[in-house]
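Below is one structure, written out as structure tokens; comments come after it.
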Amino acid sequence: MTGTRKVTVSTDVHGHTAGWTETPVASPVTPTPDPAAAAFFDVDNTMMQGASIYWFARGLAARNYFTAGDLARFAWRQAKFRLLATEHAGDMSQAKEAALAFVQGWRVDDVERLADEIFDELMAPRIWAGTRKLAERHLAAGQRVWLVSAAPVEIGRVIATRLGLTGAIGTVAEVVDGAYTGRLVGDLMHGPAKAEAVAQLAAVEGLDLSRCAAYSDSANDLPMLSAVGHPVAVNPDPALLRQARDRGWDVRDFRTGRRAVKIAVPSTAAAGLLAGAVTAGLALHRRRHRPD
């Protein structure tokens with residue numbers, strides 16, 4: 001199918017118009033929708049270098065919502081969590097309480113506005129180009145693409161919107177009259193919860209999970225990866241790399257040199273750190289620095 005025509009004007013040696021031609025210009029190809037297939041991408045260290053909530057916290061610290069010391073304490077806790085590779089029930093419980101302390105009283109539109117600003121400043125430069133291309137391939141094939149993250153769903157939605165993706169699944173906080181109540185709706189979007197959310201979305205959207213793909217860097221997401229027909233390990237941690245090799249899964253690593261072996265401070269530690277980036281200081285300072 002053709003759309004507009006490109007007009008080319010030719011001139012003689014004296015600069016006078018000698019003639020013109022019209023060349024058909026192809027219209028942009030609209031992908032044929034593929035309603036039964038979709039792709040699900042983890043965010044931290046899969047779509048983005050480091051943890052989205054960490055960069056959100058960095059942006060908040062730059063705006064004086066809490067101190068650099070608070071951020072450093074979070075970073076140390078995150079690194080320790082990653083190195084020890086432990087996820088005790090107590091840690092998850094504390095994370096949920098921290099999440100409640102963070103969101104209580106904040107307005108949804110303020111969080112989304114701040115996330116939008118911070119995306120440009122700190123997140124956009126850290127999007128893995130290779131992972132983004134994988135997502136764009138699914139879109140080009142007419143498939144929908146969702147982000148699946150332990151981060152608050154509002155942050156996930158901002159990232160998905162800015163990347164041109166379908167939407168996001170994330171941890172949901174209760175909202176009344178446009179403000180967070182301090183209670184979560186359900187549990188943190190982590191581990192088996194991700195797989196359950198993907199299955200629920202598939203049922204609502206009419207997806208065939210055997211035709212769907214999932215991408216993650218972490219063995220914590222084995223339930224989600226195992227739920228689809230096309231699991232892919234992206235920048236995998238050692239445990240996931242072993243599982244991927246044993247199961248014959250595709251592996252994509254967009255890290256190079258030092259990045260591939262280094263454990264960075266702002267890496268994904270687990271959903272237990274969902275709110276840790278923000279709450280270490282925000283719980284102390286939110287009364288004075290709450291967004292207007």
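FYI, nothing fancy with the structure tokens labels: chains A, B, ... in order, residues from 1 per chain, ligands from 1 as they appear.
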
Write out as JSON lines a residue-level contact list of segment 112-183 of chain A versus segment 207-219 of chain A with cut-off 12 Å: for each qualifying residue the closest pair of atoms and the distance in Å to one decimal, counting only C-alpha atoms, rows sorted by chain and residue number upward.
```
{"residue": "A:Thr131", "atom": "CA", "partner": "A:Tyr215", "partner_atom": "CA", "distance": 8.9}
{"residue": "A:Arg132", "atom": "CA", "partner": "A:Tyr215", "partner_atom": "CA", "distance": 11.3}
{"residue": "A:Leu134", "atom": "CA", "partner": "A:Tyr215", "partner_atom": "CA", "distance": 9.5}
{"residue": "A:Ala135", "atom": "CA", "partner": "A:Tyr215", "partner_atom": "CA", "distance": 9.6}
{"residue": "A:Arg137", "atom": "CA", "partner": "A:Ala213", "partner_atom": "CA", "distance": 11.8}
{"residue": "A:His138", "atom": "CA", "partner": "A:Ala213", "partner_atom": "CA", "distance": 9.2}
{"residue": "A:Gln143", "atom": "CA", "partner": "A:Cys212", "partner_atom": "CA", "distance": 9.1}
{"residue": "A:Arg144", "atom": "CA", "partner": "A:Cys212", "partner_atom": "CA", "distance": 9.7}
{"residue": "A:Val145", "atom": "CA", "partner": "A:Ala213", "partner_atom": "CA", "distance": 9.4}
{"residue": "A:Trp146", "atom": "CA", "partner": "A:Ala214", "partner_atom": "CA", "distance": 9.6}
{"residue": "A:Leu147", "atom": "CA", "partner": "A:Tyr215", "partner_atom": "CA", "distance": 9.6}
{"residue": "A:Val148", "atom": "CA", "partner": "A:Ala214", "partner_atom": "CA", "distance": 9.5}
{"residue": "A:Ser149", "atom": "CA", "partner": "A:Ser216", "partner_atom": "CA", "distance": 10.2}
```

Can you write just those residues out, all heavy atoms, as a compact mmCIF listing (two decimals), in the first residue's frame?
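Saved file result_6.txt follows:
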```
# COMPACT_ATOMS: atom_id res chain seq x y z
N THR A 131 17.78 -4.85 25.52
CA THR A 131 16.49 -5.30 26.05
C THR A 131 15.35 -4.51 25.43
O THR A 131 14.30 -5.07 25.10
CB THR A 131 16.45 -5.17 27.58
OG1 THR A 131 17.61 -5.78 28.14
CG2 THR A 131 15.21 -5.84 28.14
N ARG A 132 15.57 -3.22 25.26
CA ARG A 132 14.52 -2.41 24.63
C ARG A 132 14.24 -2.89 23.21
O ARG A 132 13.08 -2.94 22.78
CB ARG A 132 14.94 -0.94 24.62
CG ARG A 132 13.85 -0.02 24.10
CD ARG A 132 14.20 1.43 24.29
NE ARG A 132 13.08 2.28 23.91
CZ ARG A 132 13.06 3.60 24.05
NH1 ARG A 132 14.11 4.22 24.58
NH2 ARG A 132 12.01 4.30 23.68
N LEU A 134 14.50 -5.93 22.16
CA LEU A 134 13.72 -7.15 22.29
C LEU A 134 12.24 -6.82 22.46
O LEU A 134 11.36 -7.44 21.84
CB LEU A 134 14.21 -7.98 23.47
CG LEU A 134 15.60 -8.61 23.35
CD1 LEU A 134 15.99 -9.28 24.66
CD2 LEU A 134 15.64 -9.62 22.21
N ALA A 135 11.96 -5.84 23.31
CA ALA A 135 10.57 -5.43 23.53
C ALA A 135 9.97 -4.87 22.24
O ALA A 135 8.81 -5.15 21.90
CB ALA A 135 10.50 -4.39 24.64
N ARG A 137 10.71 -5.63 19.25
CA ARG A 137 10.44 -6.72 18.30
C ARG A 137 9.07 -7.33 18.56
O ARG A 137 8.35 -7.67 17.62
CB ARG A 137 11.53 -7.79 18.40
CG ARG A 137 12.86 -7.38 17.82
CD ARG A 137 13.88 -8.49 17.99
NE ARG A 137 15.22 -8.04 17.62
CZ ARG A 137 16.32 -8.77 17.79
NH1 ARG A 137 16.23 -9.99 18.32
NH2 ARG A 137 17.50 -8.28 17.44
N HIS A 138 8.73 -7.48 19.82
CA HIS A 138 7.41 -8.01 20.14
C HIS A 138 6.32 -7.04 19.68
O HIS A 138 5.30 -7.46 19.12
CB HIS A 138 7.29 -8.26 21.64
CG HIS A 138 8.05 -9.46 22.12
ND1 HIS A 138 7.60 -10.76 21.93
CD2 HIS A 138 9.23 -9.56 22.77
CE1 HIS A 138 8.47 -11.60 22.45
NE2 HIS A 138 9.47 -10.91 22.96
N GLN A 143 2.41 -7.86 19.09
CA GLN A 143 2.16 -8.38 20.43
C GLN A 143 2.22 -7.25 21.46
O GLN A 143 2.89 -6.25 21.27
CB GLN A 143 3.21 -9.44 20.78
CG GLN A 143 3.22 -10.61 19.83
CD GLN A 143 4.35 -11.58 20.10
OE1 GLN A 143 5.05 -11.47 21.11
NE2 GLN A 143 4.56 -12.53 19.20
N ARG A 144 1.52 -7.45 22.54
CA ARG A 144 1.55 -6.48 23.63
C ARG A 144 2.71 -6.79 24.57
O ARG A 144 3.14 -7.94 24.67
CB ARG A 144 0.23 -6.49 24.38
CG ARG A 144 -0.92 -5.86 23.59
CD ARG A 144 -2.27 -6.15 24.20
NE ARG A 144 -2.65 -7.55 23.97
CZ ARG A 144 -3.76 -8.09 24.44
NH1 ARG A 144 -4.59 -7.36 25.19
NH2 ARG A 144 -4.05 -9.35 24.19
N VAL A 145 3.21 -5.74 25.22
CA VAL A 145 4.38 -5.89 26.09
C VAL A 145 4.11 -5.20 27.42
O VAL A 145 3.79 -4.00 27.46
CB VAL A 145 5.64 -5.27 25.44
CG1 VAL A 145 6.83 -5.38 26.39
CG2 VAL A 145 5.95 -5.95 24.11
N TRP A 146 4.24 -5.96 28.49
CA TRP A 146 4.06 -5.41 29.84
C TRP A 146 5.36 -5.50 30.63
O TRP A 146 6.11 -6.47 30.52
CB TRP A 146 2.99 -6.20 30.60
CG TRP A 146 1.59 -5.82 30.28
CD1 TRP A 146 0.85 -4.80 30.81
CD2 TRP A 146 0.71 -6.49 29.35
NE1 TRP A 146 -0.42 -4.79 30.28
CE2 TRP A 146 -0.53 -5.80 29.38
CE3 TRP A 146 0.86 -7.59 28.51
CZ2 TRP A 146 -1.61 -6.20 28.59
CZ3 TRP A 146 -0.22 -7.98 27.72
CH2 TRP A 146 -1.43 -7.28 27.77
N LEU A 147 5.59 -4.50 31.46
CA LEU A 147 6.64 -4.57 32.46
C LEU A 147 6.05 -5.23 33.70
O LEU A 147 4.87 -5.01 34.03
CB LEU A 147 7.14 -3.17 32.83
CG LEU A 147 7.79 -2.36 31.71
CD1 LEU A 147 8.21 -0.99 32.23
CD2 LEU A 147 8.98 -3.10 31.11
N VAL A 148 6.85 -6.00 34.40
CA VAL A 148 6.40 -6.66 35.63
C VAL A 148 7.46 -6.40 36.69
O VAL A 148 8.59 -6.90 36.58
CB VAL A 148 6.21 -8.18 35.43
CG1 VAL A 148 5.59 -8.80 36.68
CG2 VAL A 148 5.34 -8.46 34.21
N SER A 149 7.10 -5.62 37.70
CA SER A 149 8.11 -5.16 38.65
C SER A 149 7.58 -5.12 40.07
O SER A 149 6.39 -4.90 40.29
CB SER A 149 8.59 -3.76 38.25
OG SER A 149 9.48 -3.22 39.20
```

Item to complete: Apply DSSP to the structure's backbone, then extract all residues of segment 206-238 of chain A labelled strand (DSSP E or B) and return them as a list in words.
Response: Ala213, Ala214, Tyr215, Ser216, His230, Pro231, Val232, Ala233 and Val234 of chain A

Worksheet item: Mind pulling up the distance from atom CA of Met48 of chain A to atom CA of Arg113 of chain A?
Response: 19.7 Å
